[in-house]
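Colleague: Structure file entry_28.pdb (PDB, C-alpha atoms and all ligand atoms) right here:
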ATOM      1  CA  MET V   1     -31.202   2.088 -15.444  1.00  0.00           C
ATOM      2  CA  ALA V   2     -31.335  -0.550 -12.751  1.00  0.00           C
ATOM      3  CA  LYS V   3     -31.684  -4.122 -13.935  1.00  0.00           C
ATOM      4  CA  LEU V   4     -32.227  -7.628 -12.655  1.00  0.00           C
ATOM      5  CA  PHE V   5     -29.086  -9.686 -13.177  1.00  0.00           C
ATOM      6  CA  TYR V   6     -28.650 -13.448 -13.010  1.00  0.00           C
ATOM      7  CA  ARG V   7     -25.242 -15.058 -12.709  1.00  0.00           C
ATOM      8  CA  TYR V   8     -25.661 -18.819 -12.866  1.00  0.00           C
ATOM      9  CA  ALA V   9     -23.351 -21.784 -12.829  1.00  0.00           C
ATOM     10  CA  ALA V  10     -22.864 -25.338 -11.714  1.00  0.00           C
ATOM     11  CA  MET V  11     -21.858 -25.897  -8.112  1.00  0.00           C
ATOM     12  CA  ASN V  12     -18.459 -24.849  -6.812  1.00  0.00           C
ATOM     13  CA  SER V  13     -17.828 -22.307  -9.534  1.00  0.00           C
ATOM     14  CA  GLY V  14     -17.063 -19.326  -7.328  1.00  0.00           C
ATOM     15  CA  LYS V  15     -20.483 -17.686  -7.316  1.00  0.00           C
ATOM     16  CA  SER V  16     -20.284 -16.589  -3.691  1.00  0.00           C
ATOM     17  CA  THR V  17     -16.765 -15.301  -4.226  1.00  0.00           C
ATOM     18  CA  GLN V  18     -17.971 -13.081  -7.068  1.00  0.00           C
ATOM     19  CA  LEU V  19     -20.909 -11.867  -5.003  1.00  0.00           C
ATOM     20  CA  LEU V  20     -18.645 -10.874  -2.106  1.00  0.00           C
ATOM     21  CA  GLN V  21     -16.254  -9.132  -4.491  1.00  0.00           C
ATOM     22  CA  ILE V  22     -19.076  -7.043  -5.947  1.00  0.00           C
ATOM     23  CA  ALA V  23     -20.256  -6.133  -2.427  1.00  0.00           C
ATOM     24  CA  ASN V  24     -16.728  -5.072  -1.595  1.00  0.00           C
ATOM     25  CA  ASN V  25     -16.491  -2.963  -4.758  1.00  0.00           C
ATOM     26  CA  TYR V  26     -19.655  -1.053  -3.844  1.00  0.00           C
ATOM     27  CA  GLU V  27     -18.502  -0.513  -0.286  1.00  0.00           C
ATOM     28  CA  MET V  28     -15.105   0.724  -1.405  1.00  0.00           C
ATOM     29  CA  MET V  29     -17.045   3.482  -3.166  1.00  0.00           C
ATOM     30  CA  GLY V  30     -18.887   4.297   0.063  1.00  0.00           C
ATOM     31  CA  LYS V  31     -22.134   2.714  -1.077  1.00  0.00           C
ATOM     32  CA  THR V  32     -24.482   0.460   0.874  1.00  0.00           C
ATOM     33  CA  VAL V  33     -25.456  -3.042  -0.240  1.00  0.00           C
ATOM     34  CA  GLN V  34     -27.935  -5.548   1.109  1.00  0.00           C
ATOM     35  CA  LEU V  35     -26.910  -9.185   1.048  1.00  0.00           C
ATOM     36  CA  TYR V  36     -29.360 -12.059   1.147  1.00  0.00           C
ATOM     37  CA  THR V  37     -28.987 -15.795   1.205  1.00  0.00           C
ATOM     38  CA  ALA V  38     -31.534 -18.595   1.466  1.00  0.00           C
ATOM     39  CA  ALA V  39     -32.483 -19.589   5.012  1.00  0.00           C
ATOM     40  CA  ILE V  40     -32.706 -23.188   3.839  1.00  0.00           C
ATOM     41  CA  ASP V  41     -29.010 -23.215   3.011  1.00  0.00           C
ATOM     42  CA  ASP V  42     -27.330 -23.354   6.404  1.00  0.00           C
ATOM     43  CA  ARG V  43     -24.263 -25.337   5.375  1.00  0.00           C
ATOM     44  CA  PHE V  44     -21.967 -22.657   6.802  1.00  0.00           C
ATOM     45  CA  GLY V  45     -24.405 -21.316   9.404  1.00  0.00           C
ATOM     46  CA  LEU V  46     -27.711 -19.511   9.034  1.00  0.00           C
ATOM     47  CA  GLY V  47     -27.353 -16.208   7.190  1.00  0.00           C
ATOM     48  CA  LYS V  48     -23.759 -16.705   6.082  1.00  0.00           C
ATOM     49  CA  ILE V  49     -22.433 -16.193   2.582  1.00  0.00           C
ATOM     50  CA  THR V  50     -19.260 -18.199   2.374  1.00  0.00           C
ATOM     51  CA  SER V  51     -16.680 -18.230  -0.374  1.00  0.00           C
ATOM     52  CA  ARG V  52     -14.568 -21.299  -0.895  1.00  0.00           C
ATOM     53  CA  LEU V  53     -11.627 -18.896  -0.637  1.00  0.00           C
ATOM     54  CA  ASN V  54     -12.469 -18.711   3.085  1.00  0.00           C
ATOM     55  CA  ILE V  55     -14.190 -15.341   3.058  1.00  0.00           C
ATOM     56  CA  GLN V  56     -17.475 -15.121   4.887  1.00  0.00           C
ATOM     57  CA  ARG V  57     -20.029 -12.392   5.550  1.00  0.00           C
ATOM     58  CA  ASP V  58     -23.304 -12.141   7.373  1.00  0.00           C
ATOM     59  CA  ALA V  59     -26.389 -11.779   5.236  1.00  0.00           C
ATOM     60  CA  LEU V  60     -30.105 -11.406   5.663  1.00  0.00           C
ATOM     61  CA  THR V  61     -32.025 -14.583   4.975  1.00  0.00           C
ATOM     62  CA  TYR V  62     -35.065 -15.202   2.876  1.00  0.00           C
ATOM     63  CA  ASP V  63     -37.529 -18.064   2.749  1.00  0.00           C
ATOM     64  CA  ASP V  64     -40.662 -18.761   0.768  1.00  0.00           C
ATOM     65  CA  SER V  65     -42.649 -16.241   2.824  1.00  0.00           C
ATOM     66  CA  SER V  66     -40.283 -13.295   2.272  1.00  0.00           C
ATOM     67  CA  ASP V  67     -41.646 -10.288   0.409  1.00  0.00           C
ATOM     68  CA  PHE V  68     -38.844  -8.293  -1.188  1.00  0.00           C
ATOM     69  CA  LEU V  69     -41.182  -5.406  -1.987  1.00  0.00           C
ATOM     70  CA  ALA V  70     -42.099  -4.982   1.687  1.00  0.00           C
ATOM     71  CA  VAL V  71     -38.533  -3.974   2.556  1.00  0.00           C
ATOM     72  CA  ASP V  72     -37.431  -0.345   2.928  1.00  0.00           C
ATOM     73  CA  TYR V  73     -34.197  -0.241   0.925  1.00  0.00           C
ATOM     74  CA  GLY V  74     -33.375   3.326   1.939  1.00  0.00           C
ATOM     75  CA  ASN V  75     -30.130   4.321   0.276  1.00  0.00           C
ATOM     76  CA  THR V  76     -29.227   0.776  -0.784  1.00  0.00           C
ATOM     77  CA  ALA V  77     -27.187   0.901  -3.966  1.00  0.00           C
ATOM     78  CA  CYS V  78     -27.485  -2.784  -4.825  1.00  0.00           C
ATOM     79  CA  VAL V  79     -29.220  -5.938  -3.599  1.00  0.00           C
ATOM     80  CA  LEU V  80     -27.119  -9.102  -3.882  1.00  0.00           C
ATOM     81  CA  ILE V  81     -28.764 -12.512  -3.498  1.00  0.00           C
ATOM     82  CA  ASP V  82     -26.907 -15.780  -3.099  1.00  0.00           C
ATOM     83  CA  GLU V  83     -28.454 -19.231  -3.630  1.00  0.00           C
ATOM     84  CA  ALA V  84     -31.074 -17.532  -5.791  1.00  0.00           C
ATOM     85  CA  GLN V  85     -32.284 -20.830  -7.229  1.00  0.00           C
ATOM     86  CA  PHE V  86     -34.329 -21.117  -4.033  1.00  0.00           C
ATOM     87  CA  LEU V  87     -36.363 -17.984  -4.798  1.00  0.00           C
ATOM     88  CA  THR V  88     -40.006 -18.579  -5.589  1.00  0.00           C
ATOM     89  CA  PRO V  89     -41.380 -17.393  -8.943  1.00  0.00           C
ATOM     90  CA  THR V  90     -43.294 -14.649  -7.080  1.00  0.00           C
ATOM     91  CA  GLN V  91     -40.095 -13.453  -5.415  1.00  0.00           C
ATOM     92  CA  VAL V  92     -38.299 -13.238  -8.755  1.00  0.00           C
ATOM     93  CA  GLN V  93     -41.181 -11.093 -10.009  1.00  0.00           C
ATOM     94  CA  GLN V  94     -40.812  -8.901  -6.911  1.00  0.00           C
ATOM     95  CA  LEU V  95     -37.103  -8.458  -7.549  1.00  0.00           C
ATOM     96  CA  HIS V  96     -37.781  -7.576 -11.175  1.00  0.00           C
ATOM     97  CA  ARG V  97     -40.207  -4.896  -9.974  1.00  0.00           C
ATOM     98  CA  LEU V  98     -37.719  -3.699  -7.370  1.00  0.00           C
ATOM     99  CA  ALA V  99     -35.181  -3.019 -10.093  1.00  0.00           C
ATOM    100  CA  HIS V 100     -37.611  -1.295 -12.411  1.00  0.00           C
ATOM    101  CA  THR V 101     -39.886   0.653 -10.084  1.00  0.00           C
ATOM    102  CA  ARG V 102     -37.472   1.557  -7.287  1.00  0.00           C
ATOM    103  CA  HIS V 103     -34.365   1.589  -9.441  1.00  0.00           C
ATOM    104  CA  VAL V 104     -32.306  -0.701  -7.199  1.00  0.00           C
ATOM    105  CA  PRO V 105     -30.093  -3.108  -9.152  1.00  0.00           C
ATOM    106  CA  VAL V 106     -30.572  -6.709  -8.058  1.00  0.00           C
ATOM    107  CA  ILE V 107     -27.813  -9.220  -8.757  1.00  0.00           C
ATOM    108  CA  CYS V 108     -28.721 -12.860  -8.178  1.00  0.00           C
ATOM    109  CA  PHE V 109     -26.279 -15.755  -8.051  1.00  0.00           C
ATOM    110  CA  GLY V 110     -27.407 -19.350  -8.217  1.00  0.00           C
ATOM    111  CA  LEU V 111     -27.634 -22.676  -9.911  1.00  0.00           C
ATOM    112  CA  ARG V 112     -29.497 -23.249 -13.131  1.00  0.00           C
ATOM    113  CA  SER V 113     -30.555 -26.853 -12.623  1.00  0.00           C
ATOM    114  CA  ASP V 114     -30.602 -29.550  -9.981  1.00  0.00           C
ATOM    115  CA  PHE V 115     -28.716 -32.865  -9.842  1.00  0.00           C
ATOM    116  CA  ARG V 116     -31.316 -34.442 -12.122  1.00  0.00           C
ATOM    117  CA  GLY V 117     -30.820 -31.755 -14.745  1.00  0.00           C
ATOM    118  CA  GLU V 118     -34.219 -30.236 -14.007  1.00  0.00           C
ATOM    119  CA  PRO V 119     -34.545 -26.463 -13.518  1.00  0.00           C
ATOM    120  CA  PHE V 120     -35.096 -24.904 -10.143  1.00  0.00           C
ATOM    121  CA  PRO V 121     -38.296 -22.825 -10.460  1.00  0.00           C
ATOM    122  CA  GLY V 122     -36.480 -19.730  -9.173  1.00  0.00           C
ATOM    123  CA  ALA V 123     -33.705 -20.196 -11.718  1.00  0.00           C
ATOM    124  CA  ALA V 124     -36.172 -20.702 -14.557  1.00  0.00           C
ATOM    125  CA  TRP V 125     -37.914 -17.448 -13.660  1.00  0.00           C
ATOM    126  CA  LEU V 126     -34.625 -15.609 -13.338  1.00  0.00           C
ATOM    127  CA  LEU V 127     -33.584 -16.829 -16.762  1.00  0.00           C
ATOM    128  CA  SER V 128     -36.935 -15.589 -18.024  1.00  0.00           C
ATOM    129  CA  LEU V 129     -37.027 -12.147 -16.389  1.00  0.00           C
ATOM    130  CA  ALA V 130     -33.430 -11.040 -15.857  1.00  0.00           C
ATOM    131  CA  GLU V 131     -32.221  -8.441 -18.329  1.00  0.00           C
ATOM    132  CA  ASP V 132     -28.603  -9.393 -17.863  1.00  0.00           C
ATOM    133  CA  ILE V 133     -27.712 -13.094 -17.737  1.00  0.00           C
ATOM    134  CA  GLU V 134     -24.229 -14.485 -17.541  1.00  0.00           C
ATOM    135  CA  GLU V 135     -22.805 -17.939 -17.017  1.00  0.00           C
ATOM    136  CA  ILE V 136     -19.962 -18.295 -14.533  1.00  0.00           C
ATOM    137  CA  LYS V 137     -17.859 -21.001 -16.043  1.00  0.00           C
ATOM    138  CA  THR V 138     -16.024 -23.782 -14.345  1.00  0.00           C
ATOM    139  CA  ILE V 139     -14.440 -26.975 -15.559  1.00  0.00           C
ATOM    140  CA  CYS V 140     -15.081 -30.657 -15.182  1.00  0.00           C
ATOM    141  CA  GLN V 141     -12.193 -32.858 -14.160  1.00  0.00           C
ATOM    142  CA  CYS V 142     -11.891 -34.024 -17.773  1.00  0.00           C
ATOM    143  CA  GLY V 143     -11.206 -30.462 -18.904  1.00  0.00           C
ATOM    144  CA  ARG V 144     -14.512 -29.796 -20.592  1.00  0.00           C
ATOM    145  CA  LYS V 145     -16.793 -27.049 -19.378  1.00  0.00           C
ATOM    146  CA  ALA V 146     -18.956 -28.162 -16.438  1.00  0.00           C
ATOM    147  CA  THR V 147     -22.583 -27.347 -17.153  1.00  0.00           C
ATOM    148  CA  MET V 148     -24.358 -29.568 -14.652  1.00  0.00           C
ATOM    149  CA  HIS V 149     -23.777 -31.218 -11.334  1.00  0.00           C
ATOM    150  CA  VAL V 150     -24.486 -34.689 -10.103  1.00  0.00           C
ATOM    151  CA  ARG V 151     -25.164 -36.153  -6.680  1.00  0.00           C
ATOM    152  CA  ARG V 152     -23.329 -39.330  -5.693  1.00  0.00           C
ATOM    153  CA  ASP V 153     -23.862 -41.796  -2.885  1.00  0.00           C
ATOM    154  CA  SER V 154     -21.165 -42.776  -0.408  1.00  0.00           C
ATOM    155  CA  SER V 155     -19.797 -45.361  -2.835  1.00  0.00           C
ATOM    156  CA  GLY V 156     -19.492 -42.801  -5.620  1.00  0.00           C
ATOM    157  CA  LYS V 157     -22.481 -44.035  -7.616  1.00  0.00           C
ATOM    158  CA  ARG V 158     -24.493 -41.336  -9.325  1.00  0.00           C
ATOM    159  CA  ILE V 159     -27.939 -40.712  -7.792  1.00  0.00           C
ATOM    160  CA  LYS V 160     -30.587 -39.787 -10.328  1.00  0.00           C
ATOM    161  CA  GLU V 161     -33.705 -39.707  -8.178  1.00  0.00           C
ATOM    162  CA  GLY V 162     -34.656 -37.944  -4.974  1.00  0.00           C
ATOM    163  CA  PRO V 163     -35.757 -34.585  -3.623  1.00  0.00           C
ATOM    164  CA  GLN V 164     -34.603 -31.512  -5.514  1.00  0.00           C
ATOM    165  CA  VAL V 165     -33.286 -29.859  -2.384  1.00  0.00           C
ATOM    166  CA  GLU V 166     -30.918 -31.709  -0.110  1.00  0.00           C
ATOM    167  CA  ILE V 167     -28.708 -29.316   1.766  1.00  0.00           C
ATOM    168  CA  GLY V 168     -25.317 -30.385   3.044  1.00  0.00           C
ATOM    169  CA  GLY V 169     -23.044 -33.176   2.033  1.00  0.00           C
ATOM    170  CA  ASP V 170     -21.301 -30.928  -0.478  1.00  0.00           C
ATOM    171  CA  ALA V 171     -18.726 -33.617  -1.141  1.00  0.00           C
ATOM    172  CA  ARG V 172     -21.507 -35.643  -2.736  1.00  0.00           C
ATOM    173  CA  TYR V 173     -22.054 -33.000  -5.420  1.00  0.00           C
ATOM    174  CA  HIS V 174     -19.779 -32.750  -8.404  1.00  0.00           C
ATOM    175  CA  ALA V 175     -19.784 -30.157 -11.165  1.00  0.00           C
ATOM    176  CA  VAL V 176     -19.406 -32.125 -14.369  1.00  0.00           C
ATOM    177  CA  CYS V 177     -19.552 -31.783 -18.117  1.00  0.00           C
ATOM    178  CA  ALA V 178     -22.620 -32.906 -20.013  1.00  0.00           C
ATOM    179  CA  LYS V 179     -20.737 -35.429 -22.138  1.00  0.00           C
ATOM    180  CA  SER V 180     -19.976 -37.966 -19.467  1.00  0.00           C
ATOM    181  CA  PRO V 181     -21.624 -37.013 -16.169  1.00  0.00           C
ATOM    182  CA  ASP V 182     -21.673 -40.636 -14.992  1.00  0.00           C
ATOM    183  CA  ARG V 183     -17.948 -40.927 -15.347  1.00  0.00           C
ATOM    184  CA  CYS V 184     -16.521 -37.494 -14.652  1.00  0.00           C
ATOM    185  CA  ARG V 185     -15.992 -36.047 -11.238  1.00  0.00           C
ATOM    186  CA  SER V 186     -15.114 -32.547 -10.282  1.00  0.00           C
ATOM    187  CA  SER V 187     -12.029 -31.988  -8.203  1.00  0.00           C
ATOM    188  CA  THR V 188     -13.173 -28.494  -7.282  1.00  0.00           C
ATOM    189  CA  HIS V 189     -13.972 -29.731  -3.778  1.00  0.00           C
ATOM    190  CA  SER V 190     -10.260 -29.842  -3.115  1.00  0.00           C
ATOM    191  CA  PRO V 191      -9.013 -26.386  -4.041  1.00  0.00           C
ATOM    192  CA  ALA V 192      -5.556 -27.160  -2.723  1.00  0.00           C
ATOM    193  CA  ARG V 193      -5.219 -29.886  -5.321  1.00  0.00           C
ATOM    194  CA  PRO V 194      -4.623 -28.515  -8.816  1.00  0.00           C
ATOM    195  CA  VAL V 195      -7.055 -29.596 -11.488  1.00  0.00           C
ATOM    196  CA  ARG V 196      -5.344 -31.756 -14.070  1.00  0.00           C
ATOM    197  CA  CYS V 197      -6.623 -30.193 -17.184  1.00  0.00           C
ATOM    198  CA  ARG V 198      -6.421 -31.410 -20.750  1.00  0.00           C
ATOM    199  CA  SER V 199      -8.563 -28.471 -21.395  1.00  0.00           C
ATOM    200  CA  ARG V 200     -10.089 -27.410 -24.635  1.00  0.00           C
ATOM    201  CA  TRP V 201     -11.368 -24.499 -22.711  1.00  0.00           C
ATOM    202  CA  HIS V 202     -10.109 -22.371 -19.846  1.00  0.00           C
ATOM    203  CA  PRO V 203     -12.220 -20.060 -17.754  1.00  0.00           C
ATOM    204  CA  SER V 204     -11.028 -16.514 -17.883  1.00  0.00           C
ATOM    205  CA  PRO V 205     -12.508 -13.196 -16.875  1.00  0.00           C
ATOM    206  CA  GLY V 206     -14.716 -11.624 -19.456  1.00  0.00           C
ATOM    207  CA  ARG V 207     -15.527 -14.770 -21.386  1.00  0.00           C
TER     208      ARG V 207
HETATM  209 ZN    ZN R   1     -16.157 -34.286 -17.903  1.00  0.00          ZN
END
Show me the file's structure as C-alpha cells.
Modeller:
Amino acid sequence: MAKLFYRYAAMNSGKSTQLLQIANNYEMMGKTVQLYTAAIDDRFGLGKITSRLNIQRDALTYDDSSDFLAVDYGNTACVLIDEAQFLTPTQVQQLHRLAHTRHVPVICFGLRSDFRGEPFPGAAWLLSLAEDIEEIKTICQCGRKATMHVRRDSSGKRIKEGPQVEIGGDARYHAVCAKSPDRCRSSTHSPARPVRCRSRWHPSPGR
C-alpha cells in the first residue's frame, strides 16, 4: 500500500543526499520517479536538488499555486519532494490523497521547524498526515544530537526574530542541539573538516 512519508531533520543533515539515493535505487530497478523541489529555494539554481556531497539533479518545481492532484503521474513509481517544509497545508493533503487514491508513494524531505523553533505549516501537516515519519539525525558541534537550527548575523550573534523564510546565506544557519543553541555551532558547513565529537550519540543507519 502506498503511503505518505516524511523524513525530517535540522539543516545540513543529508536530506537531499538521501532523496537522491532513493531516486537512484528506483531507477536502478528500471522504475520512473518524479522529483520536486520548492521554486522558492534557488540556492543552487531553480529546480535543482543538490546534495552536499556534490551530486545534483534537475527537478520539477512547486510553489503555493501547484496542484499535485492535477498532474498525470503515468507510470511513476514514486514521487520525491525536497524542501517539503514549503508545501502548503492543502498540498500536503493532496499528496496524502495521491498516495491513497492513486497508490503512488510520496516521500517528502524537509525541516521540522524554523530558526525560531516554530513549525513550518507544511512540516506540521506532514507530521500530522504522514503514515511513516522518520528523523534524519545529525550532530551539533558539541556532540549532542542537533534538533534545531539557528540563524546568526555576520558577527555570529544568534538572530531570534525575522521572516520565517530567508533563502540563501546558508553559512548563517547552524544545526544545533537544544541544550545550548546560543553557544553551539554546527561545523557541518565544512564537510572537509572533521567534526570533533565528544559524542554521547552517533548517527548510524537504521537508528
Ligand atoms: Zn550543542
Colleague: Could you list, as a VMD selection string, all the residues within 8 Å of ligand ZN 1 (chain R), counting all atoms listed in the file?
Modeller: chain V and resid 139 to 146 176 to 181 183 to 186
Colleague: Need the shell around V:Val33: protein/DNA/RNA residues with any atom at most 10 Å away, counting all atoms listed in the file. Skip same-chain ones fewer than 3 positions apart. Format as a list in words?
Modeller: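 That gives Ile22, Ala23, Asn24, Tyr26, Glu27, Gly30, Tyr36, Tyr73, Asn75, Thr76, Ala77, Cys78, Val79 and Leu80 of chain V.
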Colleague: So which residues touch V:Pro105 within 10 Å, counting only C-alpha atoms, skipping near sequence neighbours fewer than 3 positions away, as a list in words?
Modeller: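 My list of contacting residues is Met1, Ala2, Lys3, Leu4, Phe5, Thr76, Ala77, Cys78, Val79, Leu80, Leu95, His96, Leu98, Ala99, His100, Arg102 and Cys108 of chain V.
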Colleague: If you count all atoms listed in the file, which residues fall within 6 Å of stretch 123-135 of chain V, apart from same-chain ones fewer than 3 positions away, as a PDB file with C-alpha atoms, keeping the file's coordinate frame?
Modeller:
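What follows is the written file out24.pdb:
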ATOM      1  CA  LEU V   4     -32.227  -7.628 -12.655  1.00  0.00           C
ATOM      2  CA  PHE V   5     -29.086  -9.686 -13.177  1.00  0.00           C
ATOM      3  CA  TYR V   6     -28.650 -13.448 -13.010  1.00  0.00           C
ATOM      4  CA  ARG V   7     -25.242 -15.058 -12.709  1.00  0.00           C
ATOM      5  CA  TYR V   8     -25.661 -18.819 -12.866  1.00  0.00           C
ATOM      6  CA  ALA V   9     -23.351 -21.784 -12.829  1.00  0.00           C
ATOM      7  CA  GLN V  85     -32.284 -20.830  -7.229  1.00  0.00           C
ATOM      8  CA  PRO V  89     -41.380 -17.393  -8.943  1.00  0.00           C
ATOM      9  CA  ARG V 112     -29.497 -23.249 -13.131  1.00  0.00           C
ATOM     10  CA  PHE V 120     -35.096 -24.904 -10.143  1.00  0.00           C
TER      11      PHE V 120
END
Colleague: Residues near V:Asp153, anyone? I mean within 12 Å using all atoms listed in the file, not counting same-chain ones fewer than 2 positions away, as a VMD selection string.
Modeller: chain V and resid 150 to 151 155 to 162 169 to 174
Colleague: Can those selected residues be exported to a file as a PDB file, in the coordinates of the input so that it contains C-alpha atoms?
Modeller:
ATOM      1  CA  VAL V 150     -24.486 -34.689 -10.103  1.00  0.00           C
ATOM      2  CA  ARG V 151     -25.164 -36.153  -6.680  1.00  0.00           C
ATOM      3  CA  SER V 155     -19.797 -45.361  -2.835  1.00  0.00           C
ATOM      4  CA  GLY V 156     -19.492 -42.801  -5.620  1.00  0.00           C
ATOM      5  CA  LYS V 157     -22.481 -44.035  -7.616  1.00  0.00           C
ATOM      6  CA  ARG V 158     -24.493 -41.336  -9.325  1.00  0.00           C
ATOM      7  CA  ILE V 159     -27.939 -40.712  -7.792  1.00  0.00           C
ATOM      8  CA  LYS V 160     -30.587 -39.787 -10.328  1.00  0.00           C
ATOM      9  CA  GLU V 161     -33.705 -39.707  -8.178  1.00  0.00           C
ATOM     10  CA  GLY V 162     -34.656 -37.944  -4.974  1.00  0.00           C
ATOM     11  CA  GLY V 169     -23.044 -33.176   2.033  1.00  0.00           C
ATOM     12  CA  ASP V 170     -21.301 -30.928  -0.478  1.00  0.00           C
ATOM     13  CA  ALA V 171     -18.726 -33.617  -1.141  1.00  0.00           C
ATOM     14  CA  ARG V 172     -21.507 -35.643  -2.736  1.00  0.00           C
ATOM     15  CA  TYR V 173     -22.054 -33.000  -5.420  1.00  0.00           C
ATOM     16  CA  HIS V 174     -19.779 -32.750  -8.404  1.00  0.00           C
TER      17      HIS V 174
END
Colleague: Which residues fall under the PyMOL selection byres (((chain V and resi 114) around 9) and not hetatm) in this file, as a PyMOL selection string?
Modeller: chain V and resi 10+111-113+115-120+148-150+164-165
Colleague: Env of V:Asp67: 12 Å cut, atoms = all atoms listed in the file, seq-sep filter 4 positions within chain, self excluded. Answer as an NGL selection string.
Modeller: :V and (61-63 or 71-72 or 87-95 or 97-98)
Colleague: What's the separation between atom CA of V:Ile107 and atom CA of V:Gly45, in Å to one decimal place?
Modeller: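 Computing it gives 22.1 Å between the two atoms.
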Colleague: Which residues fall under the PyMOL selection byres (((chain V and resi 60) around 9) and not hetatm) in this file, as a VMD selection string?
Modeller: chain V and resid 34 to 39 47 to 48 58 to 59 61 to 62
Colleague: So, counting only C-alpha atoms, which residue among V:Asp64, V:Arg52, V:His103, V:Met28 is closest to V:Met11?
Modeller: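 Checking each of V:Asp64, V:Arg52, V:His103, V:Met28 against V:Met11, counting only C-alpha atoms, the winner is V:Arg52.
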Colleague: How far is it from atom CA of V:Arg57 to atom CA of V:Lys15, in Å with one decimal?
Modeller: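 These two atoms are separated by 13.9 Å.
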Colleague: In Å, how far is it from atom CA of V:Gln21 to atom CA of V:Lys137?
Modeller: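 Computing the Euclidean distance for atom CA of V:Gln21 and atom CA of V:Lys137 yields 16.6 Å.
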Colleague: Any chance you could turn stretch 109-132 of chain V into a file with C-alpha atoms, as a PDB file, in the first residue's frame?
Modeller:
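Result written to result_38.pdb:
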ATOM      1  CA  PHE V 109      12.148  15.532   2.910  1.00  0.00           C
ATOM      2  CA  GLY V 110      12.281  18.756   4.863  1.00  0.00           C
ATOM      3  CA  LEU V 111      12.800  20.701   8.014  1.00  0.00           C
ATOM      4  CA  ARG V 112      10.558  20.426  11.024  1.00  0.00           C
ATOM      5  CA  SER V 113      10.911  23.939  12.404  1.00  0.00           C
ATOM      6  CA  ASP V 114      12.369  27.306  11.515  1.00  0.00           C
ATOM      7  CA  PHE V 115      15.234  29.233  13.140  1.00  0.00           C
ATOM      8  CA  ARG V 116      12.867  30.482  15.838  1.00  0.00           C
ATOM      9  CA  GLY V 117      11.826  26.950  16.728  1.00  0.00           C
ATOM     10  CA  GLU V 118       8.376  27.458  15.230  1.00  0.00           C
ATOM     11  CA  PRO V 119       6.927  24.828  12.871  1.00  0.00           C
ATOM     12  CA  PHE V 120       6.668  25.367   9.160  1.00  0.00           C
ATOM     13  CA  PRO V 121       2.974  24.866   8.286  1.00  0.00           C
ATOM     14  CA  GLY V 122       3.891  22.276   5.643  1.00  0.00           C
ATOM     15  CA  ALA V 123       6.008  20.357   8.140  1.00  0.00           C
ATOM     16  CA  ALA V 124       3.277  20.448  10.772  1.00  0.00           C
ATOM     17  CA  TRP V 125       0.799  18.987   8.292  1.00  0.00           C
ATOM     18  CA  LEU V 126       3.265  16.353   7.159  1.00  0.00           C
ATOM     19  CA  LEU V 127       3.849  15.326  10.751  1.00  0.00           C
ATOM     20  CA  SER V 128       0.082  15.116  11.114  1.00  0.00           C
ATOM     21  CA  LEU V 129      -0.782  13.180   7.946  1.00  0.00           C
ATOM     22  CA  ALA V 130       2.259  11.098   7.016  1.00  0.00           C
ATOM     23  CA  GLU V 131       1.935   7.419   7.839  1.00  0.00           C
ATOM     24  CA  ASP V 132       5.669   6.927   8.020  1.00  0.00           C
TER      25      ASP V 132
END
